[in-house]
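Input: a single structure, listed below in structure tokens.
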Amino acid sequence: MSFTARSEHLSFNRLTTAGFSHAVSNRSWGSLNPFVGYNFISRLEANLDAGSKPLAERLVLPEEIHSARVHACVSSDGGSIRLGVDALVAVHPELIAIIYAADCMPILLADDKTGAVAAIHAGRRGLLSNIVDNTMAALTANASATPSTVIVALGPALRVCCHEIREDIFPELEKAGWMRYVQERDQRYYLDLVGGCRDALIAAGIAHSQIEDCEVCTYCDSRFFSARRRTADDERGASFAAMISAR
Ligand SMILES: [Zn+2]
């Protein structure tokens, strides 16, 4: 069951070519934080054509607590928020797996062989705790996906141009083997979250050529919401969303 974005959005050639309904919203849709205000569903409805089943019955959201936990959706999960997780695996085409973010990276994965999908809320803490590995394992175990046929889309995120970090997180990065993703410029330190994420995907068996990166930095590109660049006009917790459904 497909869905179509009616409004301006970001999409990925690889996912489109493989026939996966997906979209990344931008500022023009309004903020899509499900925990702030009561506009989440109405804003999505205004910008998406969800087909014959009501959108509110198709959506599945992770709570997003910067964990590395993954939920494998069952068909009755439509219209729910899965607590305590940051990634979803979905095999039922009527479900729309959706991630909300503002600087953390939404990652959309789709297995071209089985039609199964996954969506990850990838921030520093989740990535350091191996959320990419966990999601690939869940996609393999619950949806019979194989890494060689999985396509990956890397969404807008705070990139190394703008992701300044403080030295007090160095021990945490060191422990996870992530110091190689730290860059120094003018005595300031920046984290290449996307580089770390890409390497985790490749380590999980995804070919470099199967990864499509939109290359958008949320701080540099004001079409997207950014927690670090939040303006006075933005709502509390202003977020954009990335969504995908199984084929
Ligand atoms: Zn930037």
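Quick note on naming: the chains in the structure tokens go A, B, ... in the order shown, residues restart at 1 in each chain, and ligands are numbered from 1 in order of appearance.
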What's the 8 Å shell around stretch 133-135 of chain A, counting only C-alpha atoms, without same-chain residues fewer than 5 positions away, as a JSON list (two decimals) with N, CA and C atoms, in the first residue's frame?
[["chain", "number", "residue", "atom", "x", "y", "z"],
["A", 68, "ALA", "N", 19.67, 2.02, 21.65],
["A", 68, "ALA", "CA", 20.06, 1.24, 20.46],
["A", 68, "ALA", "C", 19.06, 0.12, 20.26],
["A", 69, "ARG", "N", 17.85, 0.29, 20.81],
["A", 69, "ARG", "CA", 16.85, -0.77, 20.74],
["A", 69, "ARG", "C", 15.95, -0.63, 19.52],
["A", 70, "VAL", "N", 15.60, -1.79, 18.95],
["A", 70, "VAL", "CA", 14.84, -1.87, 17.71],
["A", 70, "VAL", "C", 13.52, -2.60, 17.97],
["A", 87, "ALA", "N", 14.48, 2.50, 16.68],
["A", 87, "ALA", "CA", 14.43, 2.01, 15.30],
["A", 87, "ALA", "C", 13.28, 1.05, 15.14],
["A", 88, "LEU", "N", 12.78, 0.96, 13.91],
["A", 88, "LEU", "CA", 11.66, 0.07, 13.60],
["A", 88, "LEU", "C", 12.02, -0.78, 12.39],
["A", 89, "VAL", "N", 11.53, -2.01, 12.39],
["A", 89, "VAL", "CA", 11.59, -2.86, 11.21],
["A", 89, "VAL", "C", 10.14, -3.14, 10.84],
["A", 118, "ALA", "N", 13.27, -0.63, 7.21],
["A", 118, "ALA", "CA", 13.59, -0.25, 8.58],
["A", 118, "ALA", "C", 13.82, 1.26, 8.58],
["A", 120, "ILE", "N", 15.67, 4.29, 11.23],
["A", 120, "ILE", "CA", 16.49, 4.49, 12.43],
["A", 120, "ILE", "C", 16.55, 5.97, 12.78],
["A", 200, "ALA", "N", 29.62, 1.92, 9.93],
["A", 200, "ALA", "CA", 28.84, 0.89, 10.63],
["A", 200, "ALA", "C", 27.98, 0.10, 9.64],
["A", 201, "LEU", "N", 27.43, 0.79, 8.67],
["A", 201, "LEU", "CA", 26.61, 0.12, 7.64],
["A", 201, "LEU", "C", 27.47, -0.84, 6.81],
["A", 204, "ALA", "N", 28.33, -3.85, 8.57],
["A", 204, "ALA", "CA", 27.18, -4.77, 8.67],
["A", 204, "ALA", "C", 26.89, -5.47, 7.35]]
Within 12 Å of ligand 1, counting only C-alpha atoms and all ligand atoms, which protein or nucleic acid residues do you find, written as a VMD selection string?
-> chain A and resid 103 156 to 164 190 to 193 215 to 222 224 226 228 to 229
Produce a file of the selected residues containing N, CA and C atoms, as a PDB file, in the first residue's frame.
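Just written: selection.pdb:
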ATOM      1  N   ASP A 103      18.531  17.348  13.669  1.00  0.00           N
ATOM      2  CA  ASP A 103      19.998  17.208  13.811  1.00  0.00           C
ATOM      3  C   ASP A 103      20.449  15.749  13.918  1.00  0.00           C
ATOM      4  N   PRO A 156      18.793  14.119   6.197  1.00  0.00           N
ATOM      5  CA  PRO A 156      19.411  15.349   6.689  1.00  0.00           C
ATOM      6  C   PRO A 156      19.876  15.177   8.133  1.00  0.00           C
ATOM      7  N   ALA A 157      21.005  15.764   8.468  1.00  0.00           N
ATOM      8  CA  ALA A 157      21.555  15.656   9.828  1.00  0.00           C
ATOM      9  C   ALA A 157      22.564  16.768  10.050  1.00  0.00           C
ATOM     10  N   LEU A 158      22.902  16.969  11.305  1.00  0.00           N
ATOM     11  CA  LEU A 158      23.978  17.896  11.651  1.00  0.00           C
ATOM     12  C   LEU A 158      25.293  17.261  11.186  1.00  0.00           C
ATOM     13  N   ARG A 159      25.931  17.871  10.194  1.00  0.00           N
ATOM     14  CA  ARG A 159      27.112  17.256   9.566  1.00  0.00           C
ATOM     15  C   ARG A 159      28.402  17.779  10.206  1.00  0.00           C
ATOM     16  N   VAL A 160      29.507  17.231   9.731  1.00  0.00           N
ATOM     17  CA  VAL A 160      30.802  17.563  10.330  1.00  0.00           C
ATOM     18  C   VAL A 160      31.155  19.053  10.172  1.00  0.00           C
ATOM     19  N   CYS A 161      30.534  19.734   9.199  1.00  0.00           N
ATOM     20  CA  CYS A 161      30.754  21.180   9.034  1.00  0.00           C
ATOM     21  C   CYS A 161      30.296  21.951  10.273  1.00  0.00           C
ATOM     22  N   CYS A 162      29.275  21.421  10.962  1.00  0.00           N
ATOM     23  CA  CYS A 162      28.620  22.177  12.037  1.00  0.00           C
ATOM     24  C   CYS A 162      28.491  21.427  13.359  1.00  0.00           C
ATOM     25  N   HIS A 163      28.841  20.137  13.385  1.00  0.00           N
ATOM     26  CA  HIS A 163      28.607  19.330  14.586  1.00  0.00           C
ATOM     27  C   HIS A 163      29.747  19.506  15.589  1.00  0.00           C
ATOM     28  N   GLU A 164      29.803  20.677  16.190  1.00  0.00           N
ATOM     29  CA  GLU A 164      30.855  20.944  17.168  1.00  0.00           C
ATOM     30  C   GLU A 164      30.580  20.164  18.452  1.00  0.00           C
ATOM     31  N   TYR A 190      34.943  18.765  15.891  1.00  0.00           N
ATOM     32  CA  TYR A 190      33.696  18.467  15.174  1.00  0.00           C
ATOM     33  C   TYR A 190      33.579  16.964  14.972  1.00  0.00           C
ATOM     34  N   LEU A 191      32.335  16.456  15.068  1.00  0.00           N
ATOM     35  CA  LEU A 191      32.100  15.017  14.935  1.00  0.00           C
ATOM     36  C   LEU A 191      31.480  14.693  13.577  1.00  0.00           C
ATOM     37  N   ASP A 192      32.077  13.728  12.901  1.00  0.00           N
ATOM     38  CA  ASP A 192      31.543  13.257  11.615  1.00  0.00           C
ATOM     39  C   ASP A 192      30.629  12.057  11.865  1.00  0.00           C
ATOM     40  N   LEU A 193      29.414  12.376  12.284  1.00  0.00           N
ATOM     41  CA  LEU A 193      28.415  11.349  12.605  1.00  0.00           C
ATOM     42  C   LEU A 193      28.113  10.479  11.385  1.00  0.00           C
ATOM     43  N   GLU A 215      23.231  14.319   1.689  1.00  0.00           N
ATOM     44  CA  GLU A 215      24.288  15.301   1.935  1.00  0.00           C
ATOM     45  C   GLU A 215      23.789  16.649   2.464  1.00  0.00           C
ATOM     46  N   VAL A 216      22.610  16.637   3.073  1.00  0.00           N
ATOM     47  CA  VAL A 216      22.060  17.878   3.629  1.00  0.00           C
ATOM     48  C   VAL A 216      22.479  18.015   5.094  1.00  0.00           C
ATOM     49  N   CYS A 217      23.015  19.189   5.430  1.00  0.00           N
ATOM     50  CA  CYS A 217      23.302  19.517   6.829  1.00  0.00           C
ATOM     51  C   CYS A 217      22.143  20.363   7.349  1.00  0.00           C
ATOM     52  N   THR A 218      21.551  19.919   8.459  1.00  0.00           N
ATOM     53  CA  THR A 218      20.372  20.612   8.986  1.00  0.00           C
ATOM     54  C   THR A 218      20.704  22.014   9.504  1.00  0.00           C
ATOM     55  N   TYR A 219      21.940  22.208   9.919  1.00  0.00           N
ATOM     56  CA  TYR A 219      22.328  23.543  10.407  1.00  0.00           C
ATOM     57  C   TYR A 219      22.544  24.489   9.230  1.00  0.00           C
ATOM     58  N   CYS A 220      23.149  23.969   8.145  1.00  0.00           N
ATOM     59  CA  CYS A 220      23.450  24.805   6.968  1.00  0.00           C
ATOM     60  C   CYS A 220      22.207  25.081   6.119  1.00  0.00           C
ATOM     61  N   ASP A 221      21.277  24.110   6.074  1.00  0.00           N
ATOM     62  CA  ASP A 221      20.146  24.197   5.148  1.00  0.00           C
ATOM     63  C   ASP A 221      18.871  24.492   5.938  1.00  0.00           C
ATOM     64  N   SER A 222      18.407  25.723   5.864  1.00  0.00           N
ATOM     65  CA  SER A 222      17.290  26.148   6.719  1.00  0.00           C
ATOM     66  C   SER A 222      15.943  25.590   6.270  1.00  0.00           C
ATOM     67  N   PHE A 224      15.247  22.622   6.656  1.00  0.00           N
ATOM     68  CA  PHE A 224      14.982  21.578   7.649  1.00  0.00           C
ATOM     69  C   PHE A 224      15.103  22.149   9.057  1.00  0.00           C
ATOM     70  N   SER A 226      16.458  22.340  12.784  1.00  0.00           N
ATOM     71  CA  SER A 226      17.700  21.992  13.449  1.00  0.00           C
ATOM     72  C   SER A 226      17.580  22.375  14.911  1.00  0.00           C
ATOM     73  N   ARG A 228      20.015  22.799  16.948  1.00  0.00           N
ATOM     74  CA  ARG A 228      21.068  23.770  17.273  1.00  0.00           C
ATOM     75  C   ARG A 228      20.797  25.157  16.713  1.00  0.00           C
ATOM     76  N   ARG A 229      20.033  25.223  15.635  1.00  0.00           N
ATOM     77  CA  ARG A 229      19.784  26.507  14.978  1.00  0.00           C
ATOM     78  C   ARG A 229      18.328  26.941  15.188  1.00  0.00           C
TER      79      ARG A 229
END
In terms of the shortest atom-to-atom distance over only C-alpha atoms, which of A:Val182, A:Met136, A:Ile165, A:Ser2 is closest to A:Thr16?
-> A:Ser2
For A:Leu55: contacts at 10 Å, only C-alpha atoms, fewer than 2 positions along chain excluded, given as an MDAnalysis selection string = chainID A and resid 3 41:42 44:45 48:53 57:59 78:79 94:96
Take the residues from that selection and write them out as a compact mmCIF listing (two decimals), in the first residue's frame, keeping C-alpha atoms.
# COMPACT_ATOMS: atom_id res chain seq x y z
CA PHE A 3 1.71 6.66 0.07
CA ILE A 41 -1.44 13.77 12.43
CA SER A 42 -3.25 16.75 10.89
CA LEU A 44 0.89 14.78 7.99
CA GLU A 45 -2.62 14.38 6.57
CA LEU A 48 0.50 13.06 2.45
CA ASP A 49 -1.89 10.95 0.45
CA ALA A 50 -2.03 7.67 2.40
CA GLY A 51 -4.45 5.85 0.09
CA SER A 52 -7.50 3.89 1.20
CA LYS A 53 -6.52 3.34 4.86
CA GLU A 57 -3.98 3.81 11.39
CA ARG A 58 -0.85 3.30 9.29
CA LEU A 59 1.78 5.23 11.27
CA GLY A 78 -0.43 0.87 13.05
CA GLY A 79 -1.38 4.04 14.92
CA GLU A 94 0.08 -0.92 5.26
CA LEU A 95 2.41 0.39 8.00
CA ILE A 96 4.37 3.62 7.61
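The coordinates place atom CA of A:Gly115 at 8.5 Å from atom CA of A:Ala145.
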Closest to A:Trp178 among A:Thr149, A:Asn130, A:Asn142, A:Ser31, using only C-alpha atoms?
-> A:Asn130
Can you tell me, as a count of residues only, what residues are no more than 9 Å from A:Ala101 when counting only C-alpha atoms, ignoring any on the same chain fewer than 3 positions away?
-> 17
Would you please extract all strand (DSSP E or B) residues from stretch 37-202 of chain A, as assigned by DSSP on the backbone, and give them as a PyMOL selection string?
-> chain A and resi 48-49+59-62+70-72+80-82+87-90+96-101+105-111+117-122+150-154+157+164-165+182-185+188-191
Pull C-alpha atoms from the residues just selected and write them as a PDB file, in the first residue's frame.
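Written output follows (result-v8.pdb):
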ATOM      1  CA  LEU A  48       0.497  13.055   2.452  1.00  0.00           C
ATOM      2  CA  ASP A  49      -1.890  10.951   0.448  1.00  0.00           C
ATOM      3  CA  LEU A  59       1.778   5.231  11.267  1.00  0.00           C
ATOM      4  CA  VAL A  60       4.238   3.597  13.654  1.00  0.00           C
ATOM      5  CA  LEU A  61       6.704   5.740  15.609  1.00  0.00           C
ATOM      6  CA  PRO A  62       9.594   4.878  17.879  1.00  0.00           C
ATOM      7  CA  VAL A  70      14.842  -1.868  17.710  1.00  0.00           C
ATOM      8  CA  HIS A  71      11.178  -2.844  17.473  1.00  0.00           C
ATOM      9  CA  ALA A  72      10.007  -5.343  14.837  1.00  0.00           C
ATOM     10  CA  SER A  80       1.040   3.492  17.803  1.00  0.00           C
ATOM     11  CA  ILE A  81       4.207   4.779  19.387  1.00  0.00           C
ATOM     12  CA  ARG A  82       6.615   1.988  20.368  1.00  0.00           C
ATOM     13  CA  ALA A  87      14.434   2.013  15.296  1.00  0.00           C
ATOM     14  CA  LEU A  88      11.664   0.074  13.596  1.00  0.00           C
ATOM     15  CA  VAL A  89      11.588  -2.861  11.207  1.00  0.00           C
ATOM     16  CA  ALA A  90       8.429  -3.269   9.128  1.00  0.00           C
ATOM     17  CA  ILE A  96       4.370   3.621   7.615  1.00  0.00           C
ATOM     18  CA  ALA A  97       7.523   3.654   9.775  1.00  0.00           C
ATOM     19  CA  ILE A  98       8.300   7.241  10.685  1.00  0.00           C
ATOM     20  CA  ILE A  99      11.208   8.963  12.440  1.00  0.00           C
ATOM     21  CA  TYR A 100      11.171  12.552  13.691  1.00  0.00           C
ATOM     22  CA  ALA A 101      14.476  14.391  14.013  1.00  0.00           C
ATOM     23  CA  MET A 105      19.962  11.538  11.331  1.00  0.00           C
ATOM     24  CA  PRO A 106      16.975   9.598  10.058  1.00  0.00           C
ATOM     25  CA  ILE A 107      18.175   6.502   8.177  1.00  0.00           C
ATOM     26  CA  LEU A 108      15.786   4.623   5.891  1.00  0.00           C
ATOM     27  CA  LEU A 109      16.639   1.047   4.883  1.00  0.00           C
ATOM     28  CA  ALA A 110      14.843  -1.142   2.344  1.00  0.00           C
ATOM     29  CA  ASP A 111      15.513  -4.711   1.235  1.00  0.00           C
ATOM     30  CA  VAL A 117      12.042  -1.787   5.483  1.00  0.00           C
ATOM     31  CA  ALA A 118      13.594  -0.248   8.578  1.00  0.00           C
ATOM     32  CA  ALA A 119      13.905   3.287   9.912  1.00  0.00           C
ATOM     33  CA  ILE A 120      16.490   4.490  12.425  1.00  0.00           C
ATOM     34  CA  HIS A 121      16.718   7.581  14.614  1.00  0.00           C
ATOM     35  CA  ALA A 122      20.506   7.842  14.551  1.00  0.00           C
ATOM     36  CA  VAL A 150      19.551  -3.667   1.342  1.00  0.00           C
ATOM     37  CA  ILE A 151      19.431  -0.079   0.060  1.00  0.00           C
ATOM     38  CA  VAL A 152      20.159   2.693   2.572  1.00  0.00           C
ATOM     39  CA  ALA A 153      19.168   6.368   2.518  1.00  0.00           C
ATOM     40  CA  LEU A 154      20.961   8.806   4.833  1.00  0.00           C
ATOM     41  CA  ALA A 157      21.555  15.656   9.828  1.00  0.00           C
ATOM     42  CA  GLU A 164      30.855  20.944  17.168  1.00  0.00           C
ATOM     43  CA  ILE A 165      31.489  18.810  20.247  1.00  0.00           C
ATOM     44  CA  VAL A 182      36.587  13.744  15.286  1.00  0.00           C
ATOM     45  CA  GLN A 183      38.032  16.611  13.227  1.00  0.00           C
ATOM     46  CA  GLU A 184      39.907  19.596  14.627  1.00  0.00           C
ATOM     47  CA  ARG A 185      39.531  23.029  13.044  1.00  0.00           C
ATOM     48  CA  ARG A 188      37.485  23.398  17.934  1.00  0.00           C
ATOM     49  CA  TYR A 189      36.320  19.809  17.569  1.00  0.00           C
ATOM     50  CA  TYR A 190      33.696  18.467  15.174  1.00  0.00           C
ATOM     51  CA  LEU A 191      32.100  15.017  14.935  1.00  0.00           C
TER      52      LEU A 191
END
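With only C-alpha atoms as the atoms that count, the minimum distance from A:Ser21 to the choices A:Ser76, A:Arg124, A:Val36, A:Pro93 is reached by A:Pro93.
Omitting A:Gly37 and its sequence neighbours fewer than 6 positions away, and counting only C-alpha atoms, the residues within 10 Å are Ser31, Glu235, Arg236 and Gly237 of chain A.
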Could you turn the residues from that selection into a file that holds C-alpha atoms, as a PDB file, in the first residue's frame?
ATOM      1  CA  SER A  31       6.989  20.705  12.844  1.00  0.00           C
ATOM      2  CA  GLU A 235       7.867  25.458  18.053  1.00  0.00           C
ATOM      3  CA  ARG A 236       9.320  23.674  21.027  1.00  0.00           C
ATOM      4  CA  GLY A 237      10.982  20.480  19.786  1.00  0.00           C
TER       5      GLY A 237
END
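Interatomic distance, atom CA of A:Leu15 to atom CA of A:Arg198: 17.2 Å.
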Give the helix (DSSP H, G or I) residues of stretch 18-241 of chain A, as assigned by DSSP on the backbone, as a VMD selection string.
-> chain A and resid 27 to 29 40 to 47 55 to 58 75 to 77 124 to 128 131 to 143 147 to 149 167 to 175 179 to 181 193 to 203 208 to 210
Would you please work out which residue, of A:Gly19, A:Leu127, A:Ala246, A:Phe170, is nearest to A:Leu139 when using only C-alpha atoms?
-> A:Ala246
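Nearest residue to A:His66 among A:Thr146, A:Ser129, A:Asn13, A:Ser7 is A:Ser129, counting only C-alpha atoms.
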